[in-house]
file structure.pdb (PDB, C-alpha atoms)
MODEL        1
ATOM      1  CA  MET N   1       0.000   0.000   0.000
ATOM      2  CA  ARG N   2       1.271   3.498  -0.807
ATOM      3  CA  SER N   3       1.822   5.964   2.030
ATOM      4  CA  ALA N   4      -0.229   9.134   2.324
ATOM      5  CA  GLU N   5       2.887  11.228   1.684
ATOM      6  CA  GLY N   6       3.607   9.213  -1.456
ATOM      7  CA  ASP N   7       0.037   9.701  -2.630
ATOM      8  CA  VAL N   8       0.322  13.491  -2.191
ATOM      9  CA  GLN N   9       3.644  13.603  -4.006
ATOM     10  CA  GLY N  10       2.276  11.413  -6.814
ATOM     11  CA  SER N  11      -0.803  13.598  -7.093
ATOM     12  CA  ASP N  12       1.313  16.787  -7.230
ATOM     13  CA  THR N  13       3.574  15.222  -9.850
ATOM     14  CA  GLY N  14       0.543  14.189 -11.904
ATOM     15  CA  ARG N  15      -0.951  17.680 -11.741
ATOM     16  CA  THR N  16       2.352  19.261 -12.735
ATOM     17  CA  ALA N  17       2.723  16.879 -15.687
ATOM     18  CA  PHE N  18      -0.877  17.574 -16.699
ATOM     19  CA  ARG N  19      -0.363  21.375 -16.665
ATOM     20  CA  ARG N  20       2.777  21.094 -18.774
ATOM     21  CA  SER N  21       1.129  18.673 -21.202
ATOM     22  CA  LEU N  22      -2.000  20.815 -21.509
ATOM     23  CA  SER N  23       0.127  23.902 -22.216
ATOM     24  CA  ALA N  24       2.041  22.020 -24.887
ATOM     25  CA  LEU N  25      -1.193  20.750 -26.469
ATOM     26  CA  LEU N  26      -2.679  24.232 -26.580
ATOM     27  CA  ALA N  27       0.509  25.628 -28.104
ATOM     28  CA  LEU N  28       0.500  22.933 -30.784
ATOM     29  CA  ALA N  29      -3.168  23.508 -31.508
ATOM     30  CA  MET N  30      -2.690  27.274 -31.880
ATOM     31  CA  LEU N  31       0.361  26.819 -34.104
ATOM     32  CA  ALA N  32      -1.371  24.304 -36.345
ATOM     33  CA  GLY N  33      -4.522  26.388 -36.483
ATOM     34  CA  GLY N  34      -2.546  29.476 -37.476
ATOM     35  CA  CYS N  35      -0.755  27.632 -40.255
ATOM     36  CA  ALA N  36      -3.996  26.157 -41.543
ATOM     37  CA  SER N  37      -5.689  29.548 -41.684
ATOM     38  CA  GLN N  38      -3.123  30.718 -44.249
ATOM     39  CA  ARG N  39      -4.162  28.113 -46.777
ATOM     40  CA  GLN N  40      -6.600  29.021 -49.520
ATOM     41  CA  GLN N  41      -8.197  25.588 -49.217
ATOM     42  CA  ASN N  42      -8.944  24.655 -45.607
ATOM     43  CA  ILE N  43      -8.567  20.873 -45.597
ATOM     44  CA  TRP N  44      -9.390  20.640 -41.885
ATOM     45  CA  ASN N  45     -13.097  21.360 -42.477
ATOM     46  CA  LEU N  46     -13.649  18.389 -44.750
ATOM     47  CA  GLU N  47     -16.283  15.793 -43.962
ATOM     48  CA  ALA N  48     -15.117  12.472 -42.499
ATOM     49  CA  ASP N  49     -15.378  10.559 -45.799
ATOM     50  CA  GLU N  50     -13.556  13.325 -47.683
ATOM     51  CA  TRP N  51     -10.808  13.298 -45.064
ATOM     52  CA  ASN N  52     -10.348   9.540 -45.428
ATOM     53  CA  ALA N  53     -10.150   9.914 -49.194
ATOM     54  CA  LEU N  54      -7.619  12.719 -48.778
ATOM     55  CA  VAL N  55      -5.191  10.587 -46.761
ATOM     56  CA  GLY N  56      -5.657   7.798 -49.281
ATOM     57  CA  ARG N  57      -7.664   5.014 -47.643
ATOM     58  CA  LYS N  58     -11.324   4.210 -47.074
ATOM     59  CA  PHE N  59     -12.727   1.142 -45.324
ATOM     60  CA  ALA N  60     -16.001  -0.136 -46.735
ATOM     61  CA  ASP N  61     -16.586  -2.803 -44.080
ATOM     62  CA  VAL N  62     -18.025  -1.519 -40.797
ATOM     63  CA  VAL N  63     -15.763  -3.813 -38.753
ATOM     64  CA  ASP N  64     -12.576  -2.522 -40.380
ATOM     65  CA  ALA N  65     -13.814   1.087 -40.430
ATOM     66  CA  THR N  66     -14.737   1.084 -36.728
ATOM     67  CA  ASP N  67     -11.598  -0.768 -35.635
ATOM     68  CA  ARG N  68      -9.591   1.756 -37.646
ATOM     69  CA  ILE N  69     -11.060   4.602 -35.581
ATOM     70  CA  PHE N  70     -10.110   2.736 -32.398
ATOM     71  CA  GLY N  71      -6.588   2.240 -33.770
ATOM     72  CA  GLU N  72      -6.654  -1.565 -33.898
ATOM     73  CA  PRO N  73      -3.363  -3.045 -35.218
ATOM     74  CA  ARG N  74      -5.359  -5.790 -36.944
ATOM     75  CA  VAL N  75      -6.267  -3.141 -39.518
ATOM     76  CA  GLU N  76      -3.414  -0.668 -39.183
ATOM     77  CA  ASP N  77      -0.489  -3.089 -39.499
ATOM     78  CA  ARG N  78      -1.449  -3.869 -43.088
ATOM     79  CA  GLU N  79      -1.219  -0.198 -44.046
ATOM     80  CA  GLN N  80       1.751   2.097 -44.580
ATOM     81  CA  ILE N  81       0.775   4.560 -41.845
ATOM     82  CA  MET N  82       2.883   7.472 -40.668
ATOM     83  CA  ARG N  83       1.720   8.838 -37.318
ATOM     84  CA  ALA N  84       2.658  11.243 -34.553
ATOM     85  CA  LYS N  85       0.209  11.253 -31.633
ATOM     86  CA  VAL N  86       0.570  12.829 -28.183
ATOM     87  CA  GLY N  87      -2.136  13.293 -25.577
ATOM     88  CA  VAL N  88      -3.147  13.697 -21.958
ATOM     89  CA  LYS N  89      -5.163  11.003 -20.173
ATOM     90  CA  ALA N  90      -6.896  10.898 -16.785
ATOM     91  CA  GLU N  91      -8.112   7.688 -15.107
ATOM     92  CA  ALA N  92     -10.474   8.314 -12.204
ATOM     93  CA  ARG N  93     -11.821   5.577  -9.926
ATOM     94  CA  GLU N  94     -14.130   5.857  -6.952
ATOM     95  CA  ASN N  95     -12.191   6.146  -3.645
ATOM     96  CA  GLN N  96      -8.865   6.282  -5.511
ATOM     97  CA  ASP N  97      -6.494   9.010  -6.642
ATOM     98  CA  THR N  98      -6.769  10.118 -10.253
ATOM     99  CA  ASP N  99      -3.948   8.785 -12.408
ATOM    100  CA  TRP N 100      -2.548  11.118 -15.071
ATOM    101  CA  SER N 101      -0.496   9.928 -18.017
ATOM    102  CA  ILE N 102       0.824  11.197 -21.345
ATOM    103  CA  PRO N 103       0.020   8.487 -23.924
ATOM    104  CA  SER N 104       1.916   8.828 -27.175
ATOM    105  CA  ASN N 105       2.511   6.877 -30.345
ATOM    106  CA  PHE N 106       4.936   7.457 -33.200
ATOM    107  CA  ARG N 107       4.954   5.163 -36.220
ATOM    108  CA  ILE N 108       7.322   5.414 -39.175
ATOM    109  CA  PRO N 109       6.904   3.111 -42.197
ATOM    110  CA  LEU N 110      10.101   1.931 -43.897
ATOM    111  CA  PRO N 111      10.669   0.888 -47.516
ATOM    112  CA  SER N 112       8.923  -2.458 -47.932
ATOM    113  CA  LEU N 113      10.750  -5.547 -49.124
ATOM    114  CA  GLY N 114       9.847  -5.527 -52.815
ATOM    115  CA  ARG N 115       6.465  -4.032 -51.809
ATOM    116  CA  LYS N 116       5.503  -7.483 -50.529
ATOM    117  CA  ALA N 117       5.579  -6.711 -46.801
ATOM    118  CA  ASN N 118       5.023  -3.876 -44.354
ATOM    119  CA  VAL N 119       8.019  -2.716 -42.329
ATOM    120  CA  PHE N 120       7.559  -0.089 -39.628
ATOM    121  CA  ILE N 121       9.086   1.316 -36.455
ATOM    122  CA  ASP N 122       6.714   2.029 -33.584
ATOM    123  CA  PHE N 123       7.208   3.896 -30.305
ATOM    124  CA  THR N 124       4.396   3.737 -27.745
ATOM    125  CA  SER N 125       4.249   5.245 -24.262
ATOM    126  CA  ASP N 126       1.516   4.671 -21.657
ATOM    127  CA  SER N 127      -0.420   2.366 -23.955
ATOM    128  CA  ASP N 128      -4.100   1.495 -23.541
ATOM    129  CA  ALA N 129      -4.064  -1.872 -21.776
ATOM    130  CA  SER N 130      -7.845  -1.685 -21.165
ATOM    131  CA  ASN N 131      -8.659  -2.257 -24.842
ATOM    132  CA  LEU N 132      -9.395  -5.978 -24.946
ATOM    133  CA  SER N 133      -9.167  -6.322 -28.720
ATOM    134  CA  GLN N 134      -5.870  -4.424 -28.886
ATOM    135  CA  ILE N 135      -3.186  -6.860 -30.092
ATOM    136  CA  SER N 136      -0.095  -4.658 -30.171
ATOM    137  CA  PRO N 137       2.893  -6.016 -28.220
ATOM    138  CA  ALA N 138       3.268  -2.575 -26.680
ATOM    139  CA  VAL N 139       0.083  -3.011 -24.622
ATOM    140  CA  GLU N 140       1.644  -4.312 -21.427
ATOM    141  CA  GLU N 141       2.504  -3.160 -17.938
ATOM    142  CA  SER N 142       5.667  -1.426 -19.154
ATOM    143  CA  ALA N 143       5.493   2.334 -19.540
ATOM    144  CA  SER N 144       6.938   2.444 -23.061
ATOM    145  CA  SER N 145       7.995   0.288 -25.974
ATOM    146  CA  LEU N 146      10.177   0.774 -29.057
ATOM    147  CA  SER N 147       9.830  -1.897 -31.724
ATOM    148  CA  ALA N 148      10.551  -2.699 -35.359
ATOM    149  CA  THR N 149       8.090  -5.003 -37.132
ATOM    150  CA  VAL N 150       8.006  -6.851 -40.446
ATOM    151  CA  LEU N 151       4.574  -8.127 -41.492
ATOM    152  CA  LYS N 152       4.148 -10.405 -44.505
ATOM    153  CA  ARG N 153       0.787 -11.355 -45.994
ATOM    154  CA  VAL N 154       1.182 -15.022 -46.928
ATOM    155  CA  THR N 155      -2.354 -15.650 -48.174
ATOM    156  CA  ASN N 156      -5.675 -13.824 -48.100
ATOM    157  CA  THR N 157      -6.275 -15.228 -44.619
ATOM    158  CA  LEU N 158      -2.783 -15.600 -43.145
ATOM    159  CA  ASP N 159      -0.161 -13.041 -42.037
ATOM    160  CA  LEU N 160       3.292 -13.819 -40.672
ATOM    161  CA  GLY N 161       5.273 -11.253 -38.676
ATOM    162  CA  ALA N 162       8.378 -10.664 -36.610
ATOM    163  CA  THR N 163       9.144  -7.922 -34.082
ATOM    164  CA  LEU N 164      12.249  -6.832 -32.219
ATOM    165  CA  GLY N 165      11.331  -4.678 -29.255
ATOM    166  CA  ILE N 166      12.773  -2.775 -26.320
ATOM    167  CA  HIS N 167      10.277  -2.506 -23.469
ATOM    168  CA  GLY N 168      10.392  -0.542 -20.217
ATOM    169  CA  GLY N 169      13.040  -1.916 -17.889
ATOM    170  CA  PRO N 170      14.683  -2.332 -20.386
ATOM    171  CA  ASP N 171      13.319  -5.708 -21.414
ATOM    172  CA  ILE N 172      14.641  -6.674 -24.865
ATOM    173  CA  GLY N 173      13.774  -9.555 -27.138
ATOM    174  CA  PRO N 174      12.386 -10.867 -30.438
ATOM    175  CA  GLU N 175       8.816 -11.913 -31.185
ATOM    176  CA  LEU N 176       7.258 -14.094 -33.865
ATOM    177  CA  PHE N 177       3.532 -14.068 -34.550
ATOM    178  CA  LEU N 178       0.971 -15.616 -36.852
ATOM    179  CA  ARG N 179      -2.386 -13.990 -37.640
ATOM    180  CA  TYR N 180      -5.386 -15.687 -39.172
ATOM    181  CA  GLU N 181      -8.467 -13.892 -40.480
ATOM    182  CA  GLN N 182     -11.437 -15.567 -42.130
ATOM    183  CA  ARG N 183     -14.479 -13.698 -43.442
ATOM    184  CA  ARG N 184     -17.779 -15.456 -44.124
ATOM    185  CA  ASN N 185     -20.432 -12.791 -44.343
ATOM    186  CA  PRO N 186     -21.670 -11.681 -41.814
ATOM    187  CA  TRP N 187     -19.026 -13.419 -39.648
ATOM    188  CA  LEU N 188     -15.356 -12.554 -39.166
ATOM    189  CA  LEU N 189     -12.951 -14.783 -37.253
ATOM    190  CA  PHE N 190      -9.586 -13.398 -36.183
ATOM    191  CA  GLY N 191      -6.843 -15.179 -34.271
ATOM    192  CA  GLU N 192      -3.253 -14.453 -33.347
ATOM    193  CA  GLU N 193      -0.589 -16.640 -31.755
ATOM    194  CA  ARG N 194       2.518 -14.805 -30.553
ATOM    195  CA  GLY N 195       5.671 -16.209 -29.014
ATOM    196  CA  TYR N 196       8.617 -14.242 -27.674
ATOM    197  CA  TRP N 197      11.699 -14.227 -25.507
ATOM    198  CA  ARG N 198      12.787 -11.301 -23.335
ATOM    199  CA  THR N 199      15.816 -10.624 -21.219
ATOM    200  CA  ASP N 200      13.807 -10.108 -18.001
ATOM    201  CA  ASN N 201      10.754 -12.376 -18.296
ATOM    202  CA  GLY N 202      12.208 -15.174 -20.408
ATOM    203  CA  TRP N 203       9.861 -17.067 -22.708
ATOM    204  CA  GLY N 204       6.249 -16.062 -23.121
ATOM    205  CA  GLY N 205       3.292 -15.955 -25.456
ATOM    206  CA  ARG N 206      -0.055 -14.461 -26.258
ATOM    207  CA  THR N 207      -3.193 -15.956 -27.763
ATOM    208  CA  ILE N 208      -5.966 -13.811 -29.263
ATOM    209  CA  LEU N 209      -9.301 -15.089 -30.535
ATOM    210  CA  ASN N 210     -12.047 -12.711 -31.726
ATOM    211  CA  LEU N 211     -15.358 -13.628 -33.317
ATOM    212  CA  ASP N 212     -17.315 -10.789 -34.953
ATOM    213  CA  TYR N 213     -20.879 -10.709 -36.242
ATOM    214  CA  ARG N 214     -21.842  -7.782 -38.464
ATOM    215  CA  LEU N 215     -25.402  -6.664 -37.776
ATOM    216  CA  PRO N 216     -27.867  -5.815 -40.568
ATOM    217  CA  GLY N 217     -27.446  -2.353 -42.025
ATOM    218  CA  ASN N 218     -23.631  -2.486 -41.998
ATOM    219  CA  THR N 219     -23.448   0.116 -39.213
ATOM    220  CA  SER N 220     -22.530  -1.995 -36.173
ATOM    221  CA  PHE N 221     -21.192  -5.375 -35.085
ATOM    222  CA  ILE N 222     -20.827  -7.615 -32.039
ATOM    223  CA  ARG N 223     -17.467  -9.043 -30.955
ATOM    224  CA  PHE N 224     -16.644 -11.902 -28.591
ATOM    225  CA  ALA N 225     -13.027 -11.116 -27.672
ATOM    226  CA  ASN N 226     -10.588 -13.313 -25.752
ATOM    227  CA  LYS N 227      -6.965 -12.766 -24.804
ATOM    228  CA  ALA N 228      -4.486 -14.864 -22.811
ATOM    229  CA  ASP N 229      -0.972 -13.713 -21.859
ATOM    230  CA  TYR N 230       1.458 -16.188 -20.329
ATOM    231  CA  TYR N 231       5.079 -15.949 -19.268
ATOM    232  CA  GLU N 232       7.804 -18.253 -18.037
ATOM    233  CA  GLN N 233       7.050 -16.717 -14.641
ATOM    234  CA  LEU N 234       3.617 -18.216 -13.965
ATOM    235  CA  HIS N 235       2.292 -15.402 -11.790
ATOM    236  CA  GLU N 236       2.175 -13.234 -14.897
ATOM    237  CA  VAL N 237      -0.538 -15.356 -16.552
ATOM    238  CA  ASP N 238      -3.543 -13.233 -17.390
ATOM    239  CA  PHE N 239      -6.902 -13.996 -19.031
ATOM    240  CA  LYS N 240      -9.347 -11.468 -20.469
ATOM    241  CA  SER N 241     -12.706 -12.133 -22.054
ATOM    242  CA  GLY N 242     -15.571  -9.879 -23.031
ATOM    243  CA  PHE N 243     -18.401  -8.916 -25.363
ATOM    244  CA  LEU N 244     -18.294  -5.673 -27.355
ATOM    245  CA  TRP N 245     -20.937  -3.900 -29.402
ATOM    246  CA  ARG N 246     -19.321  -1.361 -31.682
ATOM    247  CA  ARG N 247     -20.968   1.158 -33.930
ATOM    248  CA  ARG N 248     -19.622   3.862 -36.210
ATOM    249  CA  VAL N 249     -21.552   7.115 -36.255
ATOM    250  CA  PRO N 250     -21.130  10.156 -38.533
ATOM    251  CA  ARG N 251     -18.115  12.462 -38.455
ATOM    252  CA  GLU N 252     -15.499   9.890 -37.476
ATOM    253  CA  VAL N 253     -17.046   8.957 -34.127
ATOM    254  CA  ALA N 254     -17.161   5.375 -32.872
ATOM    255  CA  PHE N 255     -19.099   3.892 -29.964
ATOM    256  CA  SER N 256     -18.216   0.711 -28.062
ATOM    257  CA  ALA N 257     -20.315  -0.854 -25.277
ATOM    258  CA  GLU N 258     -18.242  -3.459 -23.434
ATOM    259  CA  THR N 259     -18.696  -6.008 -20.669
ATOM    260  CA  GLY N 260     -16.286  -8.687 -19.553
ATOM    261  CA  MET N 261     -13.794  -9.864 -16.971
ATOM    262  CA  GLU N 262     -10.056  -9.919 -16.276
ATOM    263  CA  TYR N 263      -8.675 -12.838 -14.294
ATOM    264  CA  ASN N 264      -5.231 -13.901 -13.095
ATOM    265  CA  PRO N 265      -5.354 -17.332 -11.380
ATOM    266  CA  TYR N 266      -2.018 -16.828  -9.633
ATOM    267  CA  THR N 267      -2.384 -13.373  -8.115
ATOM    268  CA  GLY N 268      -3.272 -13.762  -4.435
ATOM    269  CA  ASP N 269      -2.489 -17.502  -4.387
ATOM    270  CA  PRO N 270      -0.138 -18.115  -1.397
ATOM    271  CA  GLU N 271       1.549 -20.991  -3.259
ATOM    272  CA  LYS N 272       2.194 -18.989  -6.421
ATOM    273  CA  ASP N 273       2.403 -15.322  -5.419
ATOM    274  CA  ILE N 274       4.490 -13.605  -2.740
ATOM    275  CA  ASP N 275       2.062 -10.689  -2.406
ATOM    276  CA  THR N 276      -1.207 -12.215  -1.163
ATOM    277  CA  ASP N 277      -2.950  -8.995  -0.098
ATOM    278  CA  PRO N 278      -6.468  -9.204  -1.624
ATOM    279  CA  GLU N 279      -6.457  -5.437  -2.149
ATOM    280  CA  HIS N 280      -3.628  -5.926  -4.677
ATOM    281  CA  ASP N 281      -5.645  -8.458  -6.660
ATOM    282  CA  ASP N 282      -6.855  -6.755  -9.852
ATOM    283  CA  ASP N 283      -9.281  -9.500 -10.953
ATOM    284  CA  ASN N 284     -12.493  -7.754 -11.925
ATOM    285  CA  ALA N 285     -15.676  -7.751 -13.956
ATOM    286  CA  TYR N 286     -16.739  -4.583 -15.731
ATOM    287  CA  ALA N 287     -19.379  -2.831 -17.792
ATOM    288  CA  ARG N 288     -18.316   0.308 -19.628
ATOM    289  CA  VAL N 289     -18.911   2.514 -22.645
ATOM    290  CA  ARG N 290     -16.067   3.792 -24.829
ATOM    291  CA  VAL N 291     -16.610   6.706 -27.230
ATOM    292  CA  ILE N 292     -13.898   8.143 -29.464
ATOM    293  CA  GLY N 293     -14.019  10.894 -32.046
ATOM    294  CA  LYS N 294     -12.619  14.158 -33.374
ATOM    295  CA  LEU N 295     -13.030  17.548 -31.704
ATOM    296  CA  TRP N 296     -13.220  20.736 -33.808
ATOM    297  CA  ARG N 297     -10.381  19.642 -36.100
ATOM    298  CA  PRO N 298      -9.541  16.195 -37.547
ATOM    299  CA  TRP N 299      -6.161  16.334 -35.794
ATOM    300  CA  ILE N 300      -7.672  16.695 -32.295
ATOM    301  CA  GLU N 301      -8.926  13.354 -30.972
ATOM    302  CA  TRP N 302     -10.937  12.784 -27.800
ATOM    303  CA  GLU N 303     -11.990   9.650 -25.942
ATOM    304  CA  VAL N 304     -14.150   9.053 -22.857
ATOM    305  CA  MET N 305     -14.889   5.750 -21.126
ATOM    306  CA  PRO N 306     -17.251   5.721 -18.117
ATOM    307  CA  GLY N 307     -17.786   2.364 -16.463
ATOM    308  CA  PHE N 308     -18.418   0.226 -13.397
ATOM    309  CA  TYR N 309     -15.764  -2.203 -12.097
ATOM    310  CA  TYR N 310     -16.289  -5.015  -9.608
ATOM    311  CA  TYR N 311     -13.096  -6.260  -7.873
ATOM    312  CA  TRP N 312     -14.446  -9.310  -6.114
ATOM    313  CA  GLU N 313     -11.405  -9.787  -3.827
ATOM    314  CA  HIS N 314     -11.506  -6.234  -2.428
ATOM    315  CA  ASP N 315     -13.225  -5.138   0.780
ATOM    316  CA  GLN N 316     -15.143  -2.534  -1.247
ATOM    317  CA  PRO N 317     -15.520  -4.383  -4.554
ATOM    318  CA  GLY N 318     -17.744  -2.002  -6.507
ATOM    319  CA  SER N 319     -16.173   1.072  -8.093
ATOM    320  CA  TRP N 320     -17.393   3.627 -10.609
ATOM    321  CA  GLY N 321     -14.827   5.216 -12.853
ATOM    322  CA  ILE N 322     -14.167   7.233 -15.964
ATOM    323  CA  ASP N 323     -11.210   7.554 -18.321
ATOM    324  CA  ALA N 324     -10.770  10.641 -20.493
ATOM    325  CA  ARG N 325      -8.140  11.417 -23.120
ATOM    326  CA  LEU N 326      -7.370  14.348 -25.417
ATOM    327  CA  SER N 327      -4.723  13.916 -28.130
ATOM    328  CA  VAL N 328      -3.149  15.825 -30.986
ATOM    329  CA  ILE N 329      -2.575  13.538 -33.967
ATOM    330  CA  TYR N 330      -0.913  13.762 -37.353
ATOM    331  CA  GLU N 331      -1.496  10.785 -39.606
ATOM    332  CA  GLY N 332      -1.120   9.874 -43.244
ATOM    333  CA  PHE N 333      -1.442   6.778 -45.398
ATOM    334  CA  LEU N 334       1.157   5.684 -47.918
ATOM    335  CA  SER N 335       0.682   2.964 -50.489
ATOM    336  CA  GLY N 336       0.625  -0.478 -48.879
ATOM    337  CA  PRO N 337       2.301  -3.718 -49.960
ATOM    338  CA  GLU N 338       1.099  -5.643 -52.978
ATOM    339  CA  GLU N 339      -1.308  -8.479 -52.429
ATOM    340  CA  PRO N 340       0.110 -12.003 -52.934
TER     341      PRO N 340
ENDMDL
END
call {"tool": "encode", "arguments": {"input": "structure.pdb", "output": "structure tokens"}}
result
Amino acid sequence: MRSAEGDVQGSDTGRTAFRRSLSALLALAMLAGGCASQRQQNIWNLEADEWNALVGRKFADVVDATDRIFGEPRVEDREQIMRAKVGVKAEARENQDTDWSIPSNFRIPLPSLGRKANVFIDFTSDSDASNLSQISPAVEESASSLSATVLKRVTNTLDLGATLGIHGGPDIGPELFLRYEQRRNPWLLFGEERGYWRTDNGWGGRTILNLDYRLPGNTSFIRFANKADYYEQLHEVDFKSGFLWRRRVPREVAFSAETGMEYNPYTGDPEKDIDTDPEHDDDNAYARVRVIGKLWRPWIEWEVMPGFYYYWEHDQPGSWGIDARLSVIYEGFLSGPEEP
């Protein structure tokens, strides 16, 4: 348990970081807005579909289009995307201090191997570990990750990839992964199997299995999402499972209603875990709503996620909470690799 003095210092540090980040965001927004006002054609006032056409990529399928708004690597990794994204995020929970962070992501595509594969460098800080369908290797407990990835489309349903990453610690090591995607209208099945070795945690792996059903009207879909992380150190095993209903609404806004659970069978087990304090057990069930969209300009992105969390091992298990994020983003599409 953290001391009261530590909580005060952490809170002061968070507020200071937030003020600095907010000042930087406002300065960037004013600078970008001033530059844009000098143009004869104001590209920032385009409609959502026109903006997508401008950067060179449109997604006809509601699953791909909605996942693209949420930044899912399942869609993004197949594209030559250049991105710079910096934001401020607050996570508030009932009876707990508010946690402030500065999530960021920088992605640089490299020349592809004969235009047959995607090669990109990715830096992520304070990644969104709450997104169940997020498959990026950067979504872990570490504060930041720098990685280089090669992704090869083998067939229309199979992708093969390799990543070399440096994670917070530092924790360094290679990863190999296989992705499978099968579409049978209105169903979509996606799976990933990832294996890796790291200098701190040794061998490990991750299994992802998502089943989507596109609802009539091509405006929304339901997803049954499952994720399992396992390491050579058994107390790091973690299971997540949930149901999501996602819908894309006009002007680049996406809505996601989510319910599920997160479970670690070793946390709190006296035979497997040194720290057996139930208050440190993060197993929980949740119901939440995630909404993401653009604010005023296409390069200002916002996200809010109110929800209820039930930590069944805690003395006060029920907890309301809300996450809020505001980011400045620059993004562009380049031509992707050729199909096999």
call {"tool": "residues_around", "arguments": {"input": "structure.pdb", "residues": "N:Arg183", "least_positions_apart": "4", "cutoff": "10 Å", "atoms": "all atoms listed in the file", "output": "PDB file with C-alpha atoms, in the coordinates of the input"}}
result
ATOM      1  CA  ASN N 156      -5.675 -13.824 -48.100  1.00  0.00           C
ATOM      2  CA  THR N 157      -6.275 -15.228 -44.619  1.00  0.00           C
ATOM      3  CA  TRP N 187     -19.026 -13.419 -39.648  1.00  0.00           C
ATOM      4  CA  LEU N 188     -15.356 -12.554 -39.166  1.00  0.00           C
ATOM      5  CA  LEU N 189     -12.951 -14.783 -37.253  1.00  0.00           C
ATOM      6  CA  PHE N 190      -9.586 -13.398 -36.183  1.00  0.00           C
ATOM      7  CA  ASP N 212     -17.315 -10.789 -34.953  1.00  0.00           C
TER       8      ASP N 212
END
call {"tool": "residues_near_point", "arguments": {"input": "structure.pdb", "point": "(-18.8, -4.0, -30.4)", "cutoff": "8 Å", "atoms": "all atoms listed in the file", "output": "list in words"}}
result
Ser220, Phe221, Ile222, Arg223, Phe243, Leu244, Trp245, Arg246, Arg247, Phe255, Ser256, Ala257 and Glu258 of chain N
call {"tool": "atom_distance", "arguments": {"input": "structure.pdb", "atom1": "atom CA of N:Gly217", "atom2": "atom CA of N:Ile69"}}
result
18.9 Å
call {"tool": "resolve_selection", "arguments": {"input": "structure.pdb", "expression": "the PyMOL selection byres ((chain N and resi 91) around 12)", "output": "PyMOL selection string"}}
result
chain N and resi 14+88-90+92-94+96-102+128+130+303-307+320-325
call {"tool": "closest_residue", "arguments": {"input": "structure.pdb", "among": "N:Leu211, N:Met261, N:Val249, N:Ala148", "to": "N:Ala65", "atoms": "all atoms listed in the file"}}
result
N:Val249
call {"tool": "atom_distance", "arguments": {"input": "structure.pdb", "atom1": "atom CA of N:Lys85", "atom2": "atom CA of N:Asp61"}}
result
25.2 Å
call {"tool": "closest_residue", "arguments": {"input": "structure.pdb", "among": "N:Leu326, N:Thr219, N:Ile81, N:Ile208", "to": "N:Leu110", "atoms": "all atoms listed in the file"}}
result
N:Ile81
call {"tool": "resolve_selection", "arguments": {"input": "structure.pdb", "expression": "the PyMOL selection byres ((chain N and resi 292) around 6)", "output": "list in words"}}
result
Val253, Ala254, Val291, Gly293, Trp302 and Glu303 of chain N
